[in-house]
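K.L.:
Got a structure here, written out as structure tokens. Questions coming.
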Amino acid sequence: MRFFADREICYADILPPPEVRARIEVAVLNFLKILTCTDPAISDLLLINRKSSNRRVSQGLLTDDDTWIFLSRSFCKRTLMRANAAKAFIRVWKVMEMCFKILSQEKRVTQRELFYKLLCVSPDCFSSQLQVNRTIQDVVGLLRCSRYSLGIMASSRGIVAGRLLLQEPDKEVVDCSECGSSGYAISGDLDLLDRLVMKTDARYIIIVEKHAIFHRLAEDRVFNHIPSILITAKGYPDIATRFLLHRMSRTFPELPIMALVDWNPAGLAILCTFKFGSIGMGLEAYRYACNVKWLGLRGDDLQLIPEESLVSLKPRDLQIAKSLMSSETLQEKHREELALMVQSGKRAEIEALYFHGYDYLGKYIAKKIVQANYI
Amino acid sequence: MEISSTSNLCIHLISCAFQRCRLSQQLCRLSAVLKSPSPSILQISISDTGIGSCLEEFQDLNCSSIISAEFWDGILSVKTTAICDDEIYHYHFNLRENISSSRTLTRLPSNPKNGLKFSGTVICLSISESIDVLVSEINHFFQKMMILNIPNIAIELLIEREDIPGSRCENVFLANRSNPGPLSTSNVEFLKSGLEDYVLKHGNSLTQKCSTCFATSECLKVGSGIACSTESHKSSGLMMEVVIIISEIESTCPCFRECSSKTEVLYFKDFTPCSISHSTLNVLSTIDWKSYGLTLENVVDRGVCVLVWEDSPSHSHIDMVVHCYHKQYPMHKTQLERHLIKKAVKAALNNLKEKHPGILLSAHALKICSHAPDLARSIAGLILSSNDPDFQGECFSLLGLQSREIGADVVEDCIEEKIVSVIEMNDRKSRQRKVVAPFLFEDDCDQDSNYQHKEYEEGEDEFGYVD
Amino acid sequence: MERNASSRALLSKIKDLTTSLVKELSEGRSPNICIHNFRNYCTDPNSNCLCSSDLPKGQQVLTLTRQCHACRIDVLLRVLVIVQKLLQENRHGSKRDIYYMHPSVFSEQSVVDRAINDICILLQCSRHNLNVVSVGNGLVMGWLRFLEAGRKFDCINSPTTAYTIPVHVEEVKDIVSVAKYILIVEKESVFQRLANDKFCNANRCIVITGRGYPDIPTRRFLRLLVEKLCLPVYCLVDCDPYGFDILTTYRFGSMQMAFDAKVLRVPEVQWLGAFPSDFEKYDLPQQCLLPLTAEDKRRTETMLLRCYLQKEVPEWRLELELMLQKGVKFEIEAFSVHTLSFLSEQYIPSKIPKVEVLPGNNFKS
């Protein structure tokens, strides 16, 4: 299974600027060759299809702990020859041109700046930020390199705290347990993250869905009682946070990764994004998959929570639940939890545990870990 | 055939004469002589040196609306002889009688030809009508006839007015003054040169071509198309010939036609200018003009058929002539005309497109072409902003550009030109060539493993629940 | 030490309050809880208002006789109990944490927020004194070094690296800086632009962003820097109603936290840009201009009425009027259209007044 699945993976490389420029030059040469040959044509651009129909799942051989999703080798094309799609074709070239120039200057731009530049250079082609963002994904799908490699700045909302020593190249070692409750901010620069030297004496990695919970755990220095690394992306994870988590999982393969999320469909969806990736991240989705376990909150924990802290599921929750239910990657035990949520029609947030006092959260985590109560 | 006016009758008689000349395939002469011995009397004589008349053309004339005591007695005097006849026959037709009953055909004594070999017909009649109206109508008719440009027929119009002594005037319309060409040349070639002449002279309103507008010969783009039915027991070999000319006119020219967005369709049926039938008109409006970059606003039919274009390119004008005729004469009625005209018009448009790249591009190709400058600028930008001289060198050599000291404009223009020419080429081809786009950056997998081409429109990114 | 002193003072105030409540109740009277009203501006341009004085503007007396007051007192006391516990345990909690202690009673977050503000007014303290903190979102970089609870923030060492602004501003110590000014930028993307351009390598300054409307730690940290370093403060916001409102939040504080404005506002803030007039001045392409929406216009018109604009920064008001008059807005990112580094190499330097090099200063500019 795995062997064949691997053959179909399409992914985006993290490349230094000269290599990205070289790829763009290849695209130009290819275009000119076809344009100037004896039977000239305007060559289409083949991109990896980002539709969900091109999503594949790599199933682990024995367990489903090692499952992840990726984009397969189904292509779509951008062509000049269909009048109503020609603009999309031009946009790909415009964005490539802009990225090429930015990379030559050894600069980076934000997506907003790119939008303004394109708006002024070719207002006919670009009228919204969304078009720019989509076209960037097109270019990623064409050149097979990450968005960051194209010279587009990424910001990360992610932070880490706990028993982790980090060293950026030519910098002092940072002790994440001494970063206070605000933690160590994860850079959006994947290159830098790739070069981080990491050391730890932790025994667990704990993903925290919410910033406020992370803050509470860091302030209480939970990692002193439970030797752990805390990481949060403040909601749905960005690529940089997933990248760092993935690097940690590779560097410290013996550490189990556990997630503390709300007991609602969005909490599970966040967990799944850390675990499998998301197609929304396009070609950058697959490679940062990690074997994440669900620590809490789960159905079992509801007994710890006062009745009044349970809130009814909202339509948006049900929508997410439906989407999750149809996902082939969802593990059986996770599916059961989700079914319980839908069946009860209720949701609960982690903060509900404060009913037992603010220091309860740490005890709760410790107890669950000791009992290996995660799925 | 219903004749509604004197000029109508004259024109019918002239066109019959014209047909006889055409069929003779010899150099012929057609004269129309109008004499006005007194203000109230007009003697008309139409003579030709074509093949003799078989008299059929007079049989079904219905002139009842113009025959009256004070106007015309309904008598036609016809003298005719065929090349092999020994004498010149002389008849009197009395058109006063009904068509259905056998018409009074009075045969008068013939004249012997005395062994001379010639053929021809003279038709005379005498009516009470103002000469001026008739003269201008006939002149107009002849001007249009000149578009057909039939090379073997010389036409003259003689007018003698007794009321103004010495006013004899001659209008000579020689069909082929500039370049007679061999008689074997096909009709459509003559039609082409005829229409060209017509356009150059601003609808034959000038005697010389307008030098302000047409300084060079390149300003006319001519295309022609032919469609014909196969000769069978049902049809008699109907020919449909269409010539379309796109011309550029200087707006400074005093003859500049203000309505350049209008095209009068000059219509000929069996070598006679006439008005277009309603069904043919409908066919014209159903042609897919858009695939030639033209947008038909509407079709106006006020005696002449006018196609009104939306946003036709400025300073350019489209002229069009349609000629529908039977190879045989006299002809039989047929319904095929409508099918043929569509075919012929399209053939003419395609012919134009083939010969003149860049014109009559389909709306689709125009839309794509509008992106060409943008695309060319991006690619030129990519080439010129590179700091890799090898890459630049390779690009320039692919583009066929020599020196490396080339300005941005040159590179951009060169790429744009090539892009546009590909678009035009694709537009001319009925089906586009399928180019298999290459994968630019292949990983280690086999190329052919598992891919499908999928096109998708904007906004098709799909995001899962996780976003 | 200080912190414990303040906690002790607050705890005793809470005890006093409780005692007085108990006393009133035991005497059979409804307790009267008097809560002052604060505002940092009014919208009556003609009034001789005292908005800038930090004095309470009127008061509200909560009694048990009205049902809505009773509810409010209930919530207030419940929150007070939680706060007391936080202070006793020397622990911090967020507003959200407090809400989750009695979600059904509080019904929604805003009820808790109001109760916290009421308590601050009653006890005459700032929110952080109650050990109620929000997670910080602000970023800082530049020529600055400080300690927070023993942790060293050595921004000078790498002046183009972003550091998160500490949440416990009262624990910030040993601030060292050789900066000549502080630059506030509204948005993270502009902050990133400056970082990417290595702005702080070329310009001796400290750059701060609150990522939109600034949170309390960011504003307190800024205020602390200004007090300790006595540097000029410039603020760079989008030329739109939101940008302007964020600018006024930095300088005058927000209406919501008006009771604490004296601690949170930074009157030294000067508006650097972008002004409506900059559009022509810096020759920006027309495409970058967006028309003001009806909502934008409404917001702008309401803002124009704020008394502090008239009294303290009439020149700001003129620019805002100009924006309304032109009916257009634009973002800071528009400056990147010419060249990416236009903002850092031309726009900002052209606006910052040249600082005299003081004798004895070791740095050359």
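By order in the structure tokens, chains are A, B, ...; within a chain, residues start at 1; ligands start at 1, following the order shown.
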Write out as a Markdown table a residue-level contact list of chain A versus chain B with cut-off 8 Å: for each qualifying residue the closest pair of atoms and the distance in Å to one decimal, counting only C-alpha atoms, rows sorted by chain and residue number upward.
P.N.:
```
| residue | atom | partner | partner_atom | distance |
| --- | --- | --- | --- | --- |
| A:Arg7 | CA | B:Cys445 | CA | 6.0 |
| A:Glu8 | CA | B:Cys445 | CA | 7.6 |
| A:Arg23 | CA | B:Phe441 | CA | 7.9 |
| A:Glu25 | CA | B:Phe391 | CA | 7.2 |
| A:Val26 | CA | B:Leu440 | CA | 7.4 |
| A:Ala27 | CA | B:Leu440 | CA | 6.7 |
| A:Val28 | CA | B:Ile379 | CA | 6.8 |
| A:Leu29 | CA | B:Cys395 | CA | 6.5 |
| A:Leu32 | CA | B:Leu398 | CA | 6.7 |
| A:Lys33 | CA | B:Leu398 | CA | 6.6 |
| A:Leu35 | CA | B:Lys418 | CA | 6.9 |
| A:Thr36 | CA | B:Leu398 | CA | 6.5 |
| A:Pro40 | CA | B:Val422 | CA | 6.5 |
| A:Ala41 | CA | B:Val422 | CA | 5.9 |
| A:Ile42 | CA | B:Ile419 | CA | 6.9 |
| A:Ser43 | CA | B:Ala437 | CA | 6.0 |
| A:Asp44 | CA | B:Ala437 | CA | 5.5 |
| A:Leu45 | CA | B:Ala437 | CA | 6.6 |
| A:Leu46 | CA | B:Phe439 | CA | 6.3 |
| A:Asn49 | CA | B:Lys454 | CA | 7.7 |
| A:Arg50 | CA | B:Asp461 | CA | 5.9 |
| A:Lys51 | CA | B:Glu462 | CA | 5.2 |
| A:Ser52 | CA | B:Glu462 | CA | 6.0 |
| A:Arg73 | CA | B:Tyr451 | CA | 5.7 |
| A:Ser74 | CA | B:Tyr451 | CA | 4.8 |
| A:Phe75 | CA | B:His453 | CA | 5.5 |
| A:Cys76 | CA | B:Lys454 | CA | 4.2 |
| A:Lys77 | CA | B:Glu455 | CA | 5.3 |
| A:Arg78 | CA | B:Glu455 | CA | 7.1 |
| A:Leu80 | CA | B:Ile368 | CA | 6.7 |
| A:Met81 | CA | B:Ile368 | CA | 6.7 |
| A:Arg82 | CA | B:Ile368 | CA | 7.4 |
| A:Ala83 | CA | B:Ile368 | CA | 5.5 |
| A:Ala85 | CA | B:Glu457 | CA | 6.4 |
| A:Ala86 | CA | B:Ile368 | CA | 6.6 |
| A:Lys87 | CA | B:His371 | CA | 7.6 |
| A:Ala88 | CA | B:Glu458 | CA | 7.1 |
| A:Ile90 | CA | B:Leu375 | CA | 5.9 |
| A:Trp93 | CA | B:Ser378 | CA | 6.4 |
| A:Lys94 | CA | B:Ser378 | CA | 5.9 |
| A:Glu97 | CA | B:Leu382 | CA | 5.5 |
| A:Phe100 | CA | B:Leu382 | CA | 7.0 |
| A:Lys101 | CA | B:Ser385 | CA | 6.8 |
| A:Ser104 | CA | B:Ser386 | CA | 7.8 |
| A:Ser122 | CA | B:Asp374 | CA | 7.7 |
| A:Arg134 | CA | B:Asp461 | CA | 7.8 |
| A:Leu142 | CA | B:Leu440 | CA | 7.3 |
| A:Leu143 | CA | B:Phe441 | CA | 6.7 |
| A:Arg144 | CA | B:Phe441 | CA | 7.0 |
| A:Tyr236 | CA | B:Val466 | CA | 7.3 |
| A:Ala269 | CA | B:Val466 | CA | 5.8 |
| A:Ile270 | CA | B:Val466 | CA | 6.7 |
| A:Cys272 | CA | B:Val466 | CA | 7.9 |
| A:Thr273 | CA | B:Val466 | CA | 6.2 |
| A:Ser278 | CA | B:Val466 | CA | 6.1 |
| A:Ile279 | CA | B:Phe463 | CA | 6.1 |
| A:Gly280 | CA | B:Phe463 | CA | 4.8 |
| A:Ile320 | CA | B:Tyr465 | CA | 5.9 |
| A:Ser323 | CA | B:Tyr465 | CA | 5.9 |
| A:Leu324 | CA | B:Tyr465 | CA | 6.9 |
```
K.L.:
I'd like the neighbourhood of region 289-305 of chain B as an MDAnalysis selection string, where a residue qualifies if any of its atoms comes within 10 Å (using only C-alpha atoms), though same-chain residues fewer than 5 positions away should be ignored.
P.N.:
chainID B and resid 261:267 274:278 281:282 284 310:313 346 349:350 353 359:367 427:428
K.L.:
For the residues in that selection, give me N, CA and C atoms as an mmCIF file, in the first residue's frame.
P.N.:
```
data_model
loop_
_atom_site.group_PDB
_atom_site.id
_atom_site.type_symbol
_atom_site.label_atom_id
_atom_site.label_comp_id
_atom_site.auth_asym_id
_atom_site.auth_seq_id
_atom_site.Cartn_x
_atom_site.Cartn_y
_atom_site.Cartn_z
ATOM 1 N N SER B 261 -20.398 51.653 -40.254
ATOM 2 C CA SER B 261 -20.823 50.444 -39.560
ATOM 3 C C SER B 261 -21.941 49.746 -40.319
ATOM 4 N N LYS B 262 -22.174 50.210 -41.550
ATOM 5 C CA LYS B 262 -23.248 49.584 -42.327
ATOM 6 C C LYS B 262 -22.696 48.980 -43.603
ATOM 7 N N THR B 263 -23.230 47.854 -43.958
ATOM 8 C CA THR B 263 -22.824 47.212 -45.195
ATOM 9 C C THR B 263 -24.060 46.971 -46.056
ATOM 10 N N GLU B 264 -24.035 47.583 -47.255
ATOM 11 C CA GLU B 264 -25.132 47.304 -48.173
ATOM 12 C C GLU B 264 -24.781 46.018 -48.911
ATOM 13 N N VAL B 265 -25.677 45.051 -48.856
ATOM 14 C CA VAL B 265 -25.414 43.810 -49.575
ATOM 15 C C VAL B 265 -25.903 43.990 -51.008
ATOM 16 N N LEU B 266 -24.945 44.018 -51.931
ATOM 17 C CA LEU B 266 -25.315 44.159 -53.340
ATOM 18 C C LEU B 266 -25.728 42.781 -53.817
ATOM 19 N N TYR B 267 -26.931 42.699 -54.309
ATOM 20 C CA TYR B 267 -27.451 41.379 -54.633
ATOM 21 C C TYR B 267 -27.761 41.275 -56.123
ATOM 22 N N CYS B 274 -30.909 43.075 -58.147
ATOM 23 C CA CYS B 274 -32.291 43.090 -57.698
ATOM 24 C C CYS B 274 -32.323 43.079 -56.188
ATOM 25 N N SER B 275 -33.498 43.186 -55.649
ATOM 26 C CA SER B 275 -33.573 43.209 -54.186
ATOM 27 C C SER B 275 -33.566 41.778 -53.671
ATOM 28 N N ILE B 276 -33.129 41.673 -52.460
ATOM 29 C CA ILE B 276 -32.850 40.370 -51.877
ATOM 30 C C ILE B 276 -34.144 39.781 -51.323
ATOM 31 N N SER B 277 -34.280 38.489 -51.416
ATOM 32 C CA SER B 277 -35.521 37.895 -50.934
ATOM 33 C C SER B 277 -35.516 37.811 -49.409
ATOM 34 N N HIS B 278 -36.696 37.764 -48.869
ATOM 35 C CA HIS B 278 -36.816 37.798 -47.424
ATOM 36 C C HIS B 278 -36.138 36.600 -46.767
ATOM 37 N N LEU B 281 -32.464 36.959 -46.739
ATOM 38 C CA LEU B 281 -32.132 37.944 -45.716
ATOM 39 C C LEU B 281 -32.018 37.278 -44.337
ATOM 40 N N ASN B 282 -32.973 36.442 -44.071
ATOM 41 C CA ASN B 282 -32.961 35.732 -42.783
ATOM 42 C C ASN B 282 -31.710 34.889 -42.633
ATOM 43 N N LEU B 284 -28.854 35.494 -43.893
ATOM 44 C CA LEU B 284 -27.727 36.366 -43.587
ATOM 45 C C LEU B 284 -27.662 36.689 -42.094
ATOM 46 N N GLU B 310 -22.347 46.165 -35.009
ATOM 47 C CA GLU B 310 -22.017 46.809 -33.749
ATOM 48 C C GLU B 310 -20.514 46.993 -33.748
ATOM 49 N N ASP B 311 -20.043 48.066 -33.214
ATOM 50 C CA ASP B 311 -18.614 48.353 -33.042
ATOM 51 C C ASP B 311 -17.701 47.733 -34.107
ATOM 52 N N SER B 312 -17.960 48.103 -35.362
ATOM 53 C CA SER B 312 -17.018 47.647 -36.386
ATOM 54 C C SER B 312 -15.760 48.484 -36.248
ATOM 55 N N PRO B 313 -14.625 47.928 -36.616
ATOM 56 C CA PRO B 313 -13.381 48.668 -36.424
ATOM 57 C C PRO B 313 -13.422 50.014 -37.136
ATOM 58 N N LYS B 346 -19.662 32.199 -45.885
ATOM 59 C CA LYS B 346 -18.631 31.680 -44.988
ATOM 60 C C LYS B 346 -17.339 31.413 -45.745
ATOM 61 N N LEU B 349 -15.619 34.665 -46.214
ATOM 62 C CA LEU B 349 -15.006 35.149 -44.972
ATOM 63 C C LEU B 349 -13.747 34.351 -44.651
ATOM 64 N N ASN B 350 -13.838 33.050 -44.822
ATOM 65 C CA ASN B 350 -12.671 32.211 -44.558
ATOM 66 C C ASN B 350 -11.532 32.539 -45.510
ATOM 67 N N LYS B 353 -9.820 35.598 -44.345
ATOM 68 C CA LYS B 353 -9.048 35.316 -43.158
ATOM 69 C C LYS B 353 -7.738 34.614 -43.508
ATOM 70 N N ILE B 359 -7.193 39.684 -39.645
ATOM 71 C CA ILE B 359 -8.519 40.287 -39.752
ATOM 72 C C ILE B 359 -9.578 39.212 -39.562
ATOM 73 N N LEU B 360 -10.751 39.683 -39.239
ATOM 74 C CA LEU B 360 -11.909 38.809 -39.006
ATOM 75 C C LEU B 360 -11.609 37.724 -37.974
ATOM 76 N N LEU B 361 -10.759 38.060 -36.992
ATOM 77 C CA LEU B 361 -10.518 37.099 -35.923
ATOM 78 C C LEU B 361 -11.812 36.909 -35.154
ATOM 79 N N SER B 362 -12.029 35.697 -34.711
ATOM 80 C CA SER B 362 -13.262 35.441 -33.984
ATOM 81 C C SER B 362 -13.253 36.221 -32.686
ATOM 82 N N ALA B 363 -14.453 36.430 -32.171
ATOM 83 C CA ALA B 363 -14.569 37.155 -30.907
ATOM 84 C C ALA B 363 -13.719 36.459 -29.851
ATOM 85 N N HIS B 364 -13.721 35.160 -29.901
ATOM 86 C CA HIS B 364 -12.943 34.358 -28.965
ATOM 87 C C HIS B 364 -11.448 34.642 -29.083
ATOM 88 N N ALA B 365 -10.967 34.630 -30.372
ATOM 89 C CA ALA B 365 -9.539 34.874 -30.565
ATOM 90 C C ALA B 365 -9.177 36.304 -30.191
ATOM 91 N N LEU B 366 -10.084 37.234 -30.465
ATOM 92 C CA LEU B 366 -9.814 38.626 -30.117
ATOM 93 C C LEU B 366 -9.641 38.771 -28.619
ATOM 94 N N LYS B 367 -10.512 38.051 -27.908
ATOM 95 C CA LYS B 367 -10.455 38.108 -26.452
ATOM 96 C C LYS B 367 -9.103 37.573 -25.973
ATOM 97 N N ASP B 427 -7.047 30.135 -34.850
ATOM 98 C CA ASP B 427 -8.386 30.603 -35.184
ATOM 99 C C ASP B 427 -8.765 30.197 -36.597
ATOM 100 N N ARG B 428 -7.753 30.102 -37.466
ATOM 101 C CA ARG B 428 -8.035 29.705 -38.843
ATOM 102 C C ARG B 428 -8.304 28.214 -38.949
#
```
K.L.:
Using only C-alpha atoms, select each residue of chain A with any atom at most 7 Å away from an atom of chain C, and give the selection as a PyMOL selection string.
P.N.:
chain A and resi 107-108+110+112-113+116-117+119-120+178-179+182+185+212+215+308-309+351-352+354-355
K.L.:
CA of Asp201 (chain A) to CA of Ile375 (chain A): how many Å, to one decimal?
P.N.:
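Going from CA of Asp201 (chain A) over to CA of Ile375 (chain A) covers 23.9 Å.
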K.L.:
Mind the document's chain letters and residue numbers, and return as a VMD selection string the residues of region 50-273 of chain A that DSSP labels helix (DSSP H, G or I).
P.N.:
chain A and resid 52 to 54 86 to 104 111 to 121 129 to 143 148 to 150 176 to 178 180 to 182 190 to 195 211 to 219 222 to 225 239 to 251 265 to 273
K.L.:
For Ser136 (chain B), please output as JSON, numbers by chain all residues within 12 Å (counting only C-alpha atoms; exclusion window: fewer than 4 positions along the same chain).
P.N.:
{"B": [7, 11, 34, 130, 131, 132, 140, 141, 142, 143, 157, 159, 171]}
K.L.:
May I have the residues within 12 Å of Ala366 (chain A) as a PyMOL selection string, using only C-alpha atoms and disregarding those fewer than 2 positions away in the same chain?
P.N.:
chain A and resi 204+206+217+222-228+258+295-296+359-364+368-374
K.L.:
Give me, as a list of chain:residue names, all polymer residues having an atom no more than 9 Å from region 118-123 of chain B, counting only C-alpha atoms and skipping those fewer than 2 positions away in the same chain.
P.N.:
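The residues satisfying every condition are B:Leu13, B:Ala17, B:Arg20, B:Cys21, B:Ile44, B:Ser45, B:Ile46, B:Ser47, B:Asp48, B:Thr49, B:Gly50, B:Ile51, B:Gly52, B:Ser53, B:Leu76, B:Ser77, B:Val78, B:Lys79, B:Thr80, B:Thr81, B:Ala82, B:Ile83, B:Cys84, B:Asp85, B:Ile88, B:Lys113, B:Leu116, B:Leu125.
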K.L.:
In Å to one decimal, how far is CA of Pro357 (chain B) from CA of Glu241 (chain B)?
P.N.:
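Distance between the two atoms: 22.6 Å.
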K.L.:
Just want the 7 Å neighbourhood of Leu15 (chain A), counted on only C-alpha atoms, with same-chain residues fewer than 5 positions away dropped. Output as a PyMOL selection string.
P.N.:
chain A and resi 20+145+149
K.L.:
Can you write just those residues out, C-alpha atoms, as a PDB file, in the first residue's frame?
P.N.:
```pdb
ATOM      1  CA  VAL A  20      13.375  28.854  -7.513  1.00  0.00           C
ATOM      2  CA  CYS A 145       8.120  24.749  -4.317  1.00  0.00           C
ATOM      3  CA  SER A 149      10.368  29.753  -1.287  1.00  0.00           C
TER       4      SER A 149
END
```
K.L.:
Would you list the contacts of Tyr242 (chain C) as a list in words, taking every protein, DNA or RNA residue within 10 Å and counting only C-alpha atoms, but skipping same-chain residues closer than 6 positions in sequence?
P.N.:
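Near Tyr242 (chain C), the qualifying residues are Glu186, Gly212, Tyr213, Thr248, Asp296, Arg299 and Thr300 of chain C.
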